[in-house]
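A.B. asks: Have a look at this one before I ask anything.
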Amino acid sequence: MTAKQSADEFERYVLDQGEQPGGTPVVLLDDAAVAAGADPSLLIPGIMDPLPELLRQPEPFTYEAYVLQSVLGEFLLESVGAGWSHAELEAIPRVALNFHDVSPEHLEVADRRLTKLARLRDLLADGGNGELHPRVVVLLFDGYRDAAEMVVPICERLGLQVVILPIALEVEDDRAGTLSDDELTRLARRHALGFHTLTHRAADQVTPTTVTAEVTDVVHRLTGLAGRTPRVGAWCGGARFDDRLLGNRRLRELGVTDLISNWSWETIQDVAGRDGVSHVVGECADHNGLRALPDDS
């Protein structure tokens, strides 16, 4: 399989997940888990049925690793930790329940799964660090109005933390469209807003010509709406931070301190070598966040 074929398969998998009712739960690695080797197989509980060989010990930050982290998230959410040992639960870095748009007919299942997430949060005793580093969190990607109107009230009733990562353009489509500035301002009184570009771009698609519109102006706009700089962001495709990319460097300059990828919620750090030049934080990734694989075609 070529790198492009693997990346395309990964993208299809993530898109298919987005169509599932009730959101997509994923176990996300934190800074400590990444520093310890980013091995999600260490999080597999003893009660889980044997997994396919490819998922038993996948390479970090690969398609297989993401699938495993999704499987773990689904199993943890649906079981609400039943059968997991105290040590196994303590080892879970973060759990995110991801939503894009939400259809009205899926409201009941979304409510049920969010209720389970709240029970899981109580079981894990959260252990996070306030708004910036919650251990259990709901992520609303792209800023669709239907997701906010249905999911946010449930989260507020259950006391779940929400991060809204809107595309900055207001988009009208066959769904409910995206949230307006006024709506985002109201939501920002209780929930965090996160960076997600102007027109849904990957980090490696940001150029010197587009960086102001796609990054700088978006961060300034969100700062104006919320009254504070967005502390967290995510790129289309879910890539990790790569210091060689202009968009990432601009985010750091603007005060965004954390980046959510397909696999992790990591602190953005300025890593410099002895030559004083900043280098990559983490693995080199393509725009889908998938490490390049050898072309064996």
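Ordering of the structure tokens sets the chain letters (A, B, ...), residue numbers begin anew at 1 in every chain, and ligands are numbered from 1 in the order given.
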With a distance cut-off of 12 Å and only C-alpha atoms, select the neighbouring residues of Leu89 (chain A), excluding the residue or stretch itself and same-chain residues fewer than 5 positions from it, and output the selection as a PDB file with C-alpha atoms, in the first residue's frame.

C.D. replies:
ATOM      1  CA  VAL A  27      -8.897   7.953  23.771  1.00  0.00           C
ATOM      2  CA  LEU A  42      -0.573  -0.131  26.880  1.00  0.00           C
ATOM      3  CA  LEU A  43      -4.142   1.081  27.447  1.00  0.00           C
ATOM      4  CA  ILE A  44      -5.875  -2.145  26.363  1.00  0.00           C
ATOM      5  CA  PRO A  45      -7.814  -3.516  29.372  1.00  0.00           C
ATOM      6  CA  GLY A  46      -7.637  -7.136  30.394  1.00  0.00           C
ATOM      7  CA  LEU A  72     -10.735   1.809  23.171  1.00  0.00           C
ATOM      8  CA  GLY A  73     -12.861   4.951  23.311  1.00  0.00           C
ATOM      9  CA  LEU A  76     -14.712   2.554  27.487  1.00  0.00           C
ATOM     10  CA  LEU A  77     -17.762   4.716  26.794  1.00  0.00           C
ATOM     11  CA  SER A  79     -18.977  -0.047  29.310  1.00  0.00           C
ATOM     12  CA  VAL A  80     -18.632   3.129  31.415  1.00  0.00           C
ATOM     13  CA  GLY A  81     -15.487   1.513  32.775  1.00  0.00           C
ATOM     14  CA  ALA A  82     -17.230  -1.636  34.035  1.00  0.00           C
ATOM     15  CA  GLY A  83     -14.694  -4.442  34.357  1.00  0.00           C
ATOM     16  CA  TRP A  84     -11.697  -2.128  34.029  1.00  0.00           C
ATOM     17  CA  ARG A  94      -8.047  11.723  27.965  1.00  0.00           C
ATOM     18  CA  VAL A  95     -11.378  10.778  26.447  1.00  0.00           C
ATOM     19  CA  LEU A 120     -17.351   8.026  32.924  1.00  0.00           C
ATOM     20  CA  ARG A 121     -16.078  11.483  33.890  1.00  0.00           C
ATOM     21  CA  ASP A 122     -17.278  10.898  37.437  1.00  0.00           C
ATOM     22  CA  LEU A 123     -15.639   7.466  37.484  1.00  0.00           C
ATOM     23  CA  LEU A 124     -12.335   8.899  36.288  1.00  0.00           C
ATOM     24  CA  ALA A 125     -12.719  11.750  38.803  1.00  0.00           C
ATOM     25  CA  ASP A 126     -11.765  13.927  35.818  1.00  0.00           C
ATOM     26  CA  GLY A 127      -8.191  14.612  36.913  1.00  0.00           C
ATOM     27  CA  ARG A 135      -9.626  14.655  30.999  1.00  0.00           C
TER      28      ARG A 135
END

A.B. asks: Would you give me, as an NGL selection string, the residues in region 3-172 of chain A that DSSP reads as strand (DSSP E)?

C.D. replies: :A and (24-28 or 94-99 or 136-142 or 162-166)

A.B. asks: Counting only C-alpha atoms, which residue out of A:Leu259, A:Ala110, A:Leu246, A:Val218 sits closest to Gln20 (chain A)?

C.D. replies: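 With only C-alpha atoms as the atom set, the closest residue is A:Ala110.
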
A.B. asks: Out of A:Leu107, A:Val215, A:Leu117, A:Met48, which residue has the shortest atom-to-atom distance to Pro21 (chain A) when counting only C-alpha atoms?

C.D. replies: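 Ranked by minimum distance to Pro21 (chain A), first place goes to A:Leu107.
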
A.B. asks: How many Å separate CA of Ala38 (chain A) from CA of Leu193 (chain A)?

C.D. replies: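 Taking CA of Ala38 (chain A) as the start and CA of Leu193 (chain A) as the end point, the length is 26.9 Å.
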
A.B. asks: Could you list, as a PyMOL selection string, every residue within 6 Å of region 199-202 of chain A, counting only C-alpha atoms and ignoring same-chain residues fewer than 2 positions away?

C.D. replies: chain A and resi 197+204-205+235-236+287

A.B. asks: For the alpha helix (DSSP H) assignment from backbone DSSP, which residues of region 83-268 of chain A qualify? Please present them as an MDAnalysis selection string.

C.D. replies: chainID A and resid 86:90 107:124 145:158 181:188 211 217:226 246:253

A.B. asks: What lies within 7 Å of region 152-164 of chain A using only C-alpha atoms, ignoring chain neighbours under 2 positions off, as an MDAnalysis selection string?

C.D. replies: chainID A and resid 111 118 137:141 143 148:150 166 191:194

A.B. asks: Would you save the residues of that selection, restricted to all heavy atoms, as an mmCIF file, in the first residue's frame?

C.D. replies:
data_model
loop_
_atom_site.group_PDB
_atom_site.id
_atom_site.type_symbol
_atom_site.label_atom_id
_atom_site.label_comp_id
_atom_site.auth_asym_id
_atom_site.auth_seq_id
_atom_site.Cartn_x
_atom_site.Cartn_y
_atom_site.Cartn_z
ATOM 1 N N ASP A 111 -27.930 11.917 23.434
ATOM 2 C CA ASP A 111 -28.215 12.134 24.859
ATOM 3 C C ASP A 111 -27.754 10.935 25.678
ATOM 4 O O ASP A 111 -27.121 11.081 26.736
ATOM 5 C CB ASP A 111 -29.713 12.372 25.039
ATOM 6 C CG ASP A 111 -30.059 12.933 26.414
ATOM 7 O OD1 ASP A 111 -29.364 12.592 27.396
ATOM 8 O OD2 ASP A 111 -31.026 13.708 26.512
ATOM 9 N N ALA A 118 -20.710 11.430 30.950
ATOM 10 C CA ALA A 118 -20.716 12.108 32.248
ATOM 11 C C ALA A 118 -20.461 11.116 33.379
ATOM 12 O O ALA A 118 -19.745 11.421 34.346
ATOM 13 C CB ALA A 118 -22.040 12.831 32.455
ATOM 14 N N VAL A 137 -13.924 15.316 27.609
ATOM 15 C CA VAL A 137 -14.339 16.530 26.905
ATOM 16 C C VAL A 137 -15.184 16.168 25.690
ATOM 17 O O VAL A 137 -15.040 15.089 25.109
ATOM 18 C CB VAL A 137 -13.092 17.352 26.475
ATOM 19 C CG1 VAL A 137 -12.267 16.595 25.440
ATOM 20 C CG2 VAL A 137 -13.474 18.734 25.973
ATOM 21 N N VAL A 138 -16.066 17.083 25.324
ATOM 22 C CA VAL A 138 -16.856 16.972 24.098
ATOM 23 C C VAL A 138 -16.299 17.982 23.101
ATOM 24 O O VAL A 138 -16.151 19.166 23.422
ATOM 25 C CB VAL A 138 -18.348 17.249 24.368
ATOM 26 C CG1 VAL A 138 -19.142 17.241 23.064
ATOM 27 C CG2 VAL A 138 -18.906 16.215 25.343
ATOM 28 N N LEU A 139 -15.982 17.515 21.897
ATOM 29 C CA LEU A 139 -15.430 18.375 20.854
ATOM 30 C C LEU A 139 -16.444 18.515 19.727
ATOM 31 O O LEU A 139 -16.905 17.512 19.166
ATOM 32 C CB LEU A 139 -14.128 17.787 20.306
ATOM 33 C CG LEU A 139 -13.000 17.552 21.321
ATOM 34 C CD1 LEU A 139 -11.799 16.908 20.632
ATOM 35 C CD2 LEU A 139 -12.587 18.863 21.984
ATOM 36 N N LEU A 140 -16.798 19.763 19.399
ATOM 37 C CA LEU A 140 -17.709 20.043 18.291
ATOM 38 C C LEU A 140 -16.892 20.643 17.149
ATOM 39 O O LEU A 140 -16.483 21.803 17.206
ATOM 40 C CB LEU A 140 -18.808 21.020 18.720
ATOM 41 C CG LEU A 140 -19.699 20.601 19.892
ATOM 42 C CD1 LEU A 140 -20.818 21.619 20.091
ATOM 43 C CD2 LEU A 140 -20.278 19.207 19.678
ATOM 44 N N PHE A 141 -16.646 19.845 16.126
ATOM 45 C CA PHE A 141 -15.825 20.282 15.004
ATOM 46 C C PHE A 141 -16.658 20.979 13.935
ATOM 47 O O PHE A 141 -17.786 20.581 13.642
ATOM 48 C CB PHE A 141 -15.098 19.086 14.385
ATOM 49 C CG PHE A 141 -13.955 18.579 15.221
ATOM 50 C CD1 PHE A 141 -14.135 17.511 16.080
ATOM 51 C CD2 PHE A 141 -12.708 19.183 15.163
ATOM 52 C CE1 PHE A 141 -13.085 17.042 16.853
ATOM 53 C CE2 PHE A 141 -11.654 18.725 15.932
ATOM 54 C CZ PHE A 141 -11.844 17.651 16.781
ATOM 55 N N GLY A 143 -18.242 23.704 13.815
ATOM 56 C CA GLY A 143 -19.184 24.721 14.260
ATOM 57 C C GLY A 143 -20.559 24.631 13.642
ATOM 58 O O GLY A 143 -21.203 25.663 13.397
ATOM 59 N N ALA A 148 -24.503 22.228 17.896
ATOM 60 C CA ALA A 148 -24.496 23.103 19.070
ATOM 61 C C ALA A 148 -25.874 23.165 19.718
ATOM 62 O O ALA A 148 -26.004 23.107 20.949
ATOM 63 C CB ALA A 148 -24.033 24.503 18.677
ATOM 64 N N GLU A 149 -26.915 23.269 18.901
ATOM 65 C CA GLU A 149 -28.265 23.404 19.453
ATOM 66 C C GLU A 149 -28.721 22.146 20.175
ATOM 67 O O GLU A 149 -29.498 22.230 21.137
ATOM 68 C CB GLU A 149 -29.241 23.754 18.331
ATOM 69 C CG GLU A 149 -29.065 25.167 17.795
ATOM 70 C CD GLU A 149 -30.011 25.497 16.654
ATOM 71 O OE1 GLU A 149 -30.599 24.555 16.073
ATOM 72 O OE2 GLU A 149 -30.153 26.691 16.341
ATOM 73 N N MET A 150 -28.236 20.982 19.735
ATOM 74 C CA MET A 150 -28.683 19.737 20.359
ATOM 75 C C MET A 150 -27.720 19.225 21.421
ATOM 76 O O MET A 150 -28.136 18.750 22.475
ATOM 77 C CB MET A 150 -28.905 18.671 19.276
ATOM 78 C CG MET A 150 -30.178 18.909 18.481
ATOM 79 S SD MET A 150 -30.510 17.624 17.247
ATOM 80 C CE MET A 150 -29.647 18.307 15.841
ATOM 81 N N PRO A 166 -14.886 26.006 15.370
ATOM 82 C CA PRO A 166 -15.650 26.353 14.172
ATOM 83 C C PRO A 166 -14.766 26.686 12.980
ATOM 84 O O PRO A 166 -13.663 27.218 13.120
ATOM 85 C CB PRO A 166 -16.421 27.597 14.619
ATOM 86 C CG PRO A 166 -15.496 28.255 15.595
ATOM 87 C CD PRO A 166 -14.773 27.134 16.302
ATOM 88 N N HIS A 191 -18.302 28.054 27.306
ATOM 89 C CA HIS A 191 -17.493 27.006 26.700
ATOM 90 C C HIS A 191 -16.319 27.611 25.939
ATOM 91 O O HIS A 191 -16.340 28.783 25.567
ATOM 92 C CB HIS A 191 -18.351 26.154 25.759
ATOM 93 C CG HIS A 191 -19.579 25.610 26.404
ATOM 94 N ND1 HIS A 191 -19.540 24.573 27.308
ATOM 95 C CD2 HIS A 191 -20.892 25.987 26.308
ATOM 96 C CE1 HIS A 191 -20.770 24.319 27.730
ATOM 97 N NE2 HIS A 191 -21.603 25.158 27.147
ATOM 98 N N ALA A 192 -15.312 26.787 25.693
ATOM 99 C CA ALA A 192 -14.116 27.253 24.992
ATOM 100 C C ALA A 192 -14.329 27.220 23.482
ATOM 101 O O ALA A 192 -14.963 26.309 22.945
ATOM 102 C CB ALA A 192 -12.923 26.377 25.363
ATOM 103 N N LEU A 193 -13.778 28.230 22.810
ATOM 104 C CA LEU A 193 -13.703 28.225 21.355
ATOM 105 C C LEU A 193 -12.291 27.835 20.954
ATOM 106 O O LEU A 193 -11.317 28.266 21.570
ATOM 107 C CB LEU A 193 -14.035 29.605 20.777
ATOM 108 C CG LEU A 193 -15.399 30.202 21.114
ATOM 109 C CD1 LEU A 193 -15.587 31.524 20.367
ATOM 110 C CD2 LEU A 193 -16.534 29.236 20.785
ATOM 111 N N GLY A 194 -12.169 27.021 19.911
ATOM 112 C CA GLY A 194 -10.860 26.587 19.446
ATOM 113 C C GLY A 194 -10.648 26.921 17.983
ATOM 114 O O GLY A 194 -11.593 27.071 17.208
#

A.B. asks: Quick one: pull the distance between CA of Gly37 (chain A) and CA of Ile260 (chain A), Å, one decimal.

C.D. replies: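 CA of Ile260 (chain A) lies 17.6 Å from CA of Gly37 (chain A).
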